[in-house]
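Below is input.txt, which holds compact mmCIF, N, CA and C atoms.
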```txt
# COMPACT_ATOMS: atom_id res chain seq x y z
N MET A 177 0.83 -1.17 0.00
CA MET A 177 0.00 0.00 0.00
C MET A 177 0.89 1.25 0.00
N GLN A 178 0.68 2.11 -0.97
CA GLN A 178 1.49 3.33 -1.07
C GLN A 178 0.93 4.43 -0.18
N ASP A 179 1.80 5.10 0.56
CA ASP A 179 1.40 6.24 1.38
C ASP A 179 1.78 7.52 0.64
N LEU A 180 0.76 8.16 0.07
CA LEU A 180 0.95 9.42 -0.66
C LEU A 180 0.27 10.57 0.08
N SER A 181 0.20 10.46 1.39
CA SER A 181 -0.42 11.52 2.20
C SER A 181 0.24 12.86 1.92
N ARG A 182 -0.61 13.89 1.82
CA ARG A 182 -0.19 15.28 1.62
C ARG A 182 0.47 15.56 0.26
N VAL A 183 0.40 14.63 -0.67
CA VAL A 183 0.96 14.86 -1.99
C VAL A 183 0.18 15.98 -2.69
N ASP A 184 0.86 16.81 -3.47
CA ASP A 184 0.20 17.88 -4.23
C ASP A 184 0.21 17.51 -5.70
N LEU A 185 -0.96 17.09 -6.19
CA LEU A 185 -1.13 16.75 -7.60
C LEU A 185 -2.18 17.67 -8.23
N SER A 186 -2.26 18.88 -7.71
CA SER A 186 -3.22 19.84 -8.25
C SER A 186 -2.91 20.12 -9.72
N ARG A 187 -3.97 20.21 -10.50
CA ARG A 187 -3.91 20.50 -11.94
C ARG A 187 -3.23 19.39 -12.76
N ALA A 188 -2.97 18.24 -12.17
CA ALA A 188 -2.32 17.14 -12.89
C ALA A 188 -3.32 16.40 -13.78
N CYS A 189 -2.85 15.82 -14.87
CA CYS A 189 -3.67 14.97 -15.73
C CYS A 189 -3.38 13.53 -15.33
N LEU A 190 -4.36 12.91 -14.67
CA LEU A 190 -4.20 11.56 -14.14
C LEU A 190 -5.33 10.65 -14.61
N LYS A 191 -5.77 10.84 -15.84
CA LYS A 191 -6.86 10.05 -16.39
C LYS A 191 -6.52 8.56 -16.32
N ASN A 192 -7.53 7.78 -15.87
CA ASN A 192 -7.44 6.31 -15.80
C ASN A 192 -6.32 5.80 -14.90
N THR A 193 -5.82 6.60 -13.98
CA THR A 193 -4.77 6.18 -13.05
C THR A 193 -5.37 5.28 -11.97
N ASN A 194 -4.61 4.28 -11.53
CA ASN A 194 -5.07 3.35 -10.50
C ASN A 194 -4.40 3.67 -9.16
N PHE A 195 -5.17 4.26 -8.25
CA PHE A 195 -4.69 4.55 -6.90
C PHE A 195 -5.32 3.58 -5.90
N SER A 196 -5.81 2.44 -6.35
CA SER A 196 -6.51 1.48 -5.49
C SER A 196 -5.65 1.08 -4.30
N GLY A 197 -6.21 1.24 -3.09
CA GLY A 197 -5.51 0.88 -1.87
C GLY A 197 -4.52 1.90 -1.36
N ALA A 198 -4.31 2.99 -2.08
CA ALA A 198 -3.34 4.01 -1.67
C ALA A 198 -3.86 4.83 -0.49
N ILE A 199 -2.94 5.32 0.30
CA ILE A 199 -3.26 6.26 1.38
C ILE A 199 -3.01 7.66 0.83
N LEU A 200 -4.09 8.42 0.69
CA LEU A 200 -4.03 9.75 0.08
C LEU A 200 -4.58 10.82 1.03
N ARG A 201 -4.34 10.65 2.32
CA ARG A 201 -4.86 11.59 3.31
C ARG A 201 -4.29 12.99 3.09
N ASP A 202 -5.19 13.98 3.13
CA ASP A 202 -4.81 15.39 2.96
C ASP A 202 -4.14 15.68 1.62
N ALA A 203 -4.31 14.81 0.64
CA ALA A 203 -3.74 15.05 -0.69
C ALA A 203 -4.49 16.18 -1.40
N ASN A 204 -3.80 16.87 -2.29
CA ASN A 204 -4.39 17.97 -3.05
C ASN A 204 -4.50 17.57 -4.52
N PHE A 205 -5.76 17.32 -4.95
CA PHE A 205 -6.06 17.01 -6.34
C PHE A 205 -6.91 18.13 -6.95
N SER A 206 -6.86 19.33 -6.38
CA SER A 206 -7.71 20.41 -6.89
C SER A 206 -7.40 20.69 -8.36
N GLU A 207 -8.47 20.82 -9.14
CA GLU A 207 -8.39 21.11 -10.57
C GLU A 207 -7.68 20.02 -11.38
N ALA A 208 -7.50 18.83 -10.80
CA ALA A 208 -6.85 17.72 -11.53
C ALA A 208 -7.87 17.01 -12.41
N ASN A 209 -7.38 16.34 -13.45
CA ASN A 209 -8.23 15.51 -14.30
C ASN A 209 -8.00 14.06 -13.92
N LEU A 210 -8.99 13.48 -13.22
CA LEU A 210 -8.92 12.09 -12.77
C LEU A 210 -10.03 11.27 -13.43
N GLU A 211 -10.43 11.66 -14.62
CA GLU A 211 -11.51 10.96 -15.31
C GLU A 211 -11.16 9.48 -15.47
N GLY A 212 -12.09 8.61 -15.04
CA GLY A 212 -11.91 7.17 -15.18
C GLY A 212 -10.91 6.55 -14.23
N ALA A 213 -10.41 7.32 -13.27
CA ALA A 213 -9.40 6.81 -12.32
C ALA A 213 -10.04 5.89 -11.29
N ASN A 214 -9.21 5.09 -10.64
CA ASN A 214 -9.63 4.22 -9.55
C ASN A 214 -9.06 4.80 -8.25
N LEU A 215 -9.94 5.34 -7.41
CA LEU A 215 -9.52 5.97 -6.16
C LEU A 215 -10.13 5.24 -4.97
N LYS A 216 -10.06 3.93 -4.96
CA LYS A 216 -10.58 3.11 -3.86
C LYS A 216 -9.50 3.01 -2.79
N GLY A 217 -9.46 3.98 -1.89
CA GLY A 217 -8.43 3.99 -0.86
C GLY A 217 -8.81 4.89 0.29
N ASP A 218 -7.82 5.33 1.04
CA ASP A 218 -8.00 6.21 2.18
C ASP A 218 -7.75 7.65 1.74
N LEU A 219 -8.84 8.39 1.52
CA LEU A 219 -8.77 9.76 1.04
C LEU A 219 -9.30 10.73 2.09
N LEU A 220 -9.01 10.49 3.34
CA LEU A 220 -9.47 11.34 4.42
C LEU A 220 -8.98 12.77 4.21
N SER A 221 -9.90 13.72 4.23
CA SER A 221 -9.60 15.16 4.10
C SER A 221 -8.91 15.53 2.78
N VAL A 222 -9.17 14.78 1.73
CA VAL A 222 -8.58 15.07 0.42
C VAL A 222 -9.26 16.30 -0.21
N ASP A 223 -8.51 17.08 -0.97
CA ASP A 223 -9.05 18.24 -1.69
C ASP A 223 -9.20 17.87 -3.16
N LEU A 224 -10.47 17.71 -3.59
CA LEU A 224 -10.79 17.40 -4.98
C LEU A 224 -11.58 18.54 -5.61
N SER A 225 -11.47 19.73 -5.06
CA SER A 225 -12.25 20.86 -5.55
C SER A 225 -11.93 21.17 -7.02
N ARG A 226 -13.00 21.42 -7.78
CA ARG A 226 -12.93 21.77 -9.20
C ARG A 226 -12.20 20.71 -10.05
N ALA A 227 -12.14 19.47 -9.55
CA ALA A 227 -11.49 18.39 -10.31
C ALA A 227 -12.49 17.73 -11.26
N CYS A 228 -11.98 17.11 -12.30
CA CYS A 228 -12.80 16.30 -13.21
C CYS A 228 -12.72 14.86 -12.73
N LEU A 229 -13.84 14.36 -12.18
CA LEU A 229 -13.90 13.01 -11.64
C LEU A 229 -14.95 12.19 -12.37
N LYS A 230 -15.14 12.50 -13.62
CA LYS A 230 -16.14 11.82 -14.44
C LYS A 230 -15.79 10.33 -14.54
N ASN A 231 -16.77 9.48 -14.20
CA ASN A 231 -16.62 8.02 -14.27
C ASN A 231 -15.50 7.47 -13.39
N THR A 232 -15.16 8.19 -12.33
CA THR A 232 -14.13 7.74 -11.40
C THR A 232 -14.72 6.74 -10.41
N ASN A 233 -13.94 5.73 -10.03
CA ASN A 233 -14.40 4.70 -9.10
C ASN A 233 -13.86 4.97 -7.69
N PHE A 234 -14.78 5.32 -6.77
CA PHE A 234 -14.44 5.54 -5.37
C PHE A 234 -15.02 4.43 -4.48
N SER A 235 -15.57 3.38 -5.05
CA SER A 235 -16.33 2.39 -4.26
C SER A 235 -15.53 1.91 -3.05
N GLY A 236 -16.16 2.03 -1.88
CA GLY A 236 -15.55 1.60 -0.63
C GLY A 236 -14.49 2.53 -0.06
N ALA A 237 -14.26 3.68 -0.68
CA ALA A 237 -13.21 4.60 -0.24
C ALA A 237 -13.60 5.36 1.03
N ILE A 238 -12.60 5.77 1.78
CA ILE A 238 -12.80 6.63 2.94
C ILE A 238 -12.66 8.07 2.45
N LEU A 239 -13.77 8.81 2.48
CA LEU A 239 -13.81 10.17 1.95
C LEU A 239 -14.33 11.17 3.00
N ARG A 240 -14.16 10.84 4.27
CA ARG A 240 -14.61 11.77 5.31
C ARG A 240 -13.84 13.09 5.18
N ASN A 241 -14.57 14.19 5.36
CA ASN A 241 -14.01 15.55 5.28
C ASN A 241 -13.46 15.91 3.90
N ALA A 242 -13.82 15.17 2.88
CA ALA A 242 -13.33 15.46 1.52
C ALA A 242 -13.98 16.72 0.96
N ASN A 243 -13.24 17.46 0.15
CA ASN A 243 -13.74 18.68 -0.48
C ASN A 243 -14.02 18.39 -1.95
N PHE A 244 -15.33 18.31 -2.30
CA PHE A 244 -15.77 18.08 -3.67
C PHE A 244 -16.39 19.36 -4.26
N ARG A 245 -16.04 20.52 -3.74
CA ARG A 245 -16.65 21.78 -4.19
C ARG A 245 -16.43 21.98 -5.69
N GLU A 246 -17.55 22.21 -6.41
CA GLU A 246 -17.54 22.49 -7.86
C GLU A 246 -16.84 21.39 -8.66
N THR A 247 -16.96 20.15 -8.19
CA THR A 247 -16.32 19.01 -8.84
C THR A 247 -17.29 18.33 -9.80
N ASN A 248 -16.78 17.81 -10.92
CA ASN A 248 -17.61 17.05 -11.85
C ASN A 248 -17.51 15.57 -11.50
N LEU A 249 -18.58 15.05 -10.88
CA LEU A 249 -18.65 13.64 -10.48
C LEU A 249 -19.63 12.87 -11.35
N GLU A 250 -19.85 13.34 -12.56
CA GLU A 250 -20.81 12.70 -13.46
C GLU A 250 -20.42 11.24 -13.70
N GLY A 251 -21.34 10.32 -13.37
CA GLY A 251 -21.11 8.90 -13.59
C GLY A 251 -20.13 8.25 -12.62
N ALA A 252 -19.69 8.97 -11.59
CA ALA A 252 -18.74 8.42 -10.62
C ALA A 252 -19.41 7.36 -9.75
N ASN A 253 -18.64 6.38 -9.30
CA ASN A 253 -19.13 5.33 -8.42
C ASN A 253 -18.71 5.63 -6.99
N LEU A 254 -19.69 6.03 -6.16
CA LEU A 254 -19.45 6.35 -4.76
C LEU A 254 -20.10 5.31 -3.84
N LYS A 255 -20.36 4.13 -4.36
CA LYS A 255 -21.04 3.07 -3.61
C LYS A 255 -20.18 2.60 -2.44
N GLY A 256 -20.79 2.58 -1.25
CA GLY A 256 -20.12 2.07 -0.07
C GLY A 256 -19.03 2.96 0.49
N THR A 257 -19.00 4.22 0.09
CA THR A 257 -17.96 5.14 0.58
C THR A 257 -18.36 5.74 1.93
N GLU A 258 -17.37 6.19 2.68
CA GLU A 258 -17.60 6.92 3.93
C GLU A 258 -17.51 8.41 3.59
N LEU A 259 -18.66 9.10 3.65
CA LEU A 259 -18.73 10.49 3.20
C LEU A 259 -19.04 11.48 4.32
N GLY A 260 -18.85 11.11 5.56
CA GLY A 260 -19.15 12.00 6.67
C GLY A 260 -18.41 13.33 6.56
N PHE A 261 -19.15 14.42 6.66
CA PHE A 261 -18.63 15.78 6.61
C PHE A 261 -17.98 16.16 5.27
N ALA A 262 -18.24 15.39 4.22
CA ALA A 262 -17.74 15.75 2.88
C ALA A 262 -18.52 16.96 2.38
N TYR A 263 -17.89 17.78 1.57
CA TYR A 263 -18.41 19.07 1.11
C TYR A 263 -18.67 18.98 -0.39
N PHE A 264 -19.96 19.12 -0.81
CA PHE A 264 -20.35 18.93 -2.21
C PHE A 264 -20.96 20.17 -2.85
N THR A 265 -20.80 21.34 -2.31
CA THR A 265 -21.42 22.54 -2.85
C THR A 265 -21.00 22.76 -4.31
N GLY A 266 -21.99 22.87 -5.19
CA GLY A 266 -21.73 23.13 -6.60
C GLY A 266 -21.24 21.93 -7.39
N ALA A 267 -21.21 20.74 -6.79
CA ALA A 267 -20.72 19.54 -7.49
C ALA A 267 -21.78 19.00 -8.44
N ASN A 268 -21.34 18.43 -9.56
CA ASN A 268 -22.22 17.77 -10.52
C ASN A 268 -22.24 16.28 -10.19
N LEU A 269 -23.40 15.79 -9.70
CA LEU A 269 -23.55 14.38 -9.34
C LEU A 269 -24.47 13.64 -10.30
N GLN A 270 -24.65 14.20 -11.50
CA GLN A 270 -25.53 13.59 -12.48
C GLN A 270 -25.04 12.18 -12.82
N HIS A 271 -25.95 11.21 -12.73
CA HIS A 271 -25.68 9.79 -13.04
C HIS A 271 -24.64 9.15 -12.11
N ALA A 272 -24.30 9.80 -11.01
CA ALA A 272 -23.37 9.20 -10.05
C ALA A 272 -24.08 8.08 -9.28
N ILE A 273 -23.33 7.05 -8.92
CA ILE A 273 -23.87 5.93 -8.15
C ILE A 273 -23.57 6.20 -6.68
N LEU A 274 -24.64 6.37 -5.88
CA LEU A 274 -24.47 6.74 -4.49
C LEU A 274 -24.88 5.65 -3.50
N LYS A 275 -25.55 4.60 -3.95
CA LYS A 275 -26.01 3.54 -3.03
C LYS A 275 -25.03 2.41 -3.00
```
Would you mind giving the structure from this file in structure tokens?
Amino acid sequence: MQDLSRVDLSRACLKNTNFSGAILRDANFSEANLEGANLKGDLLSVDLSRACLKNTNFSGAILRNANFRETNLEGANLKGTELGFAYFTGANLQHAILK
């Protein structure tokens, strides 16, 4: 399991990247393109504001305190995630899987 806590990948192009099982606590993915990525891991307090998360897989991820402000989550899989205190103001959740 890779520990990438506090990594700054803001504005990065990470389409279809596999972060499955990674520890990404307090990571900064603001304005990053993570379309189709696999983010099934520990993303406690992650910053995903204004990121492209279209069709991204978060199933089973820890997303407590995550910042999804103005994020595109169209078609994203959020099934079984821990979303306590996550912030979704202005986020696009069209066709997202939430159950």
**Message:** At a cut-off of 6 Å, using all atoms listed in the file, what residues contact region 209-225 of chain A? Leave out same-chain residues fewer than 4 positions from it and give the result as a PyMOL selection string.
**Reply:** chain A and resi 187-205+229-247
CA of Leu185 (chain A) sits from atom N of Ala267 (chain A) at a separation of 20.5 Å
From CA of Ile273 (chain A) to atom C of Glu250 (chain A) the spacing works out at 8.4 Å
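Put simply, CA of Leu254 (chain A) is 15.5 Å away from CA of Ala227 (chain A).
When all atoms listed in the file are used to compute distances to Lys275 (chain A), the closest of the residues A:Thr257, A:Asn248, A:Glu207, A:Ser186 turns out to be A:Thr257.
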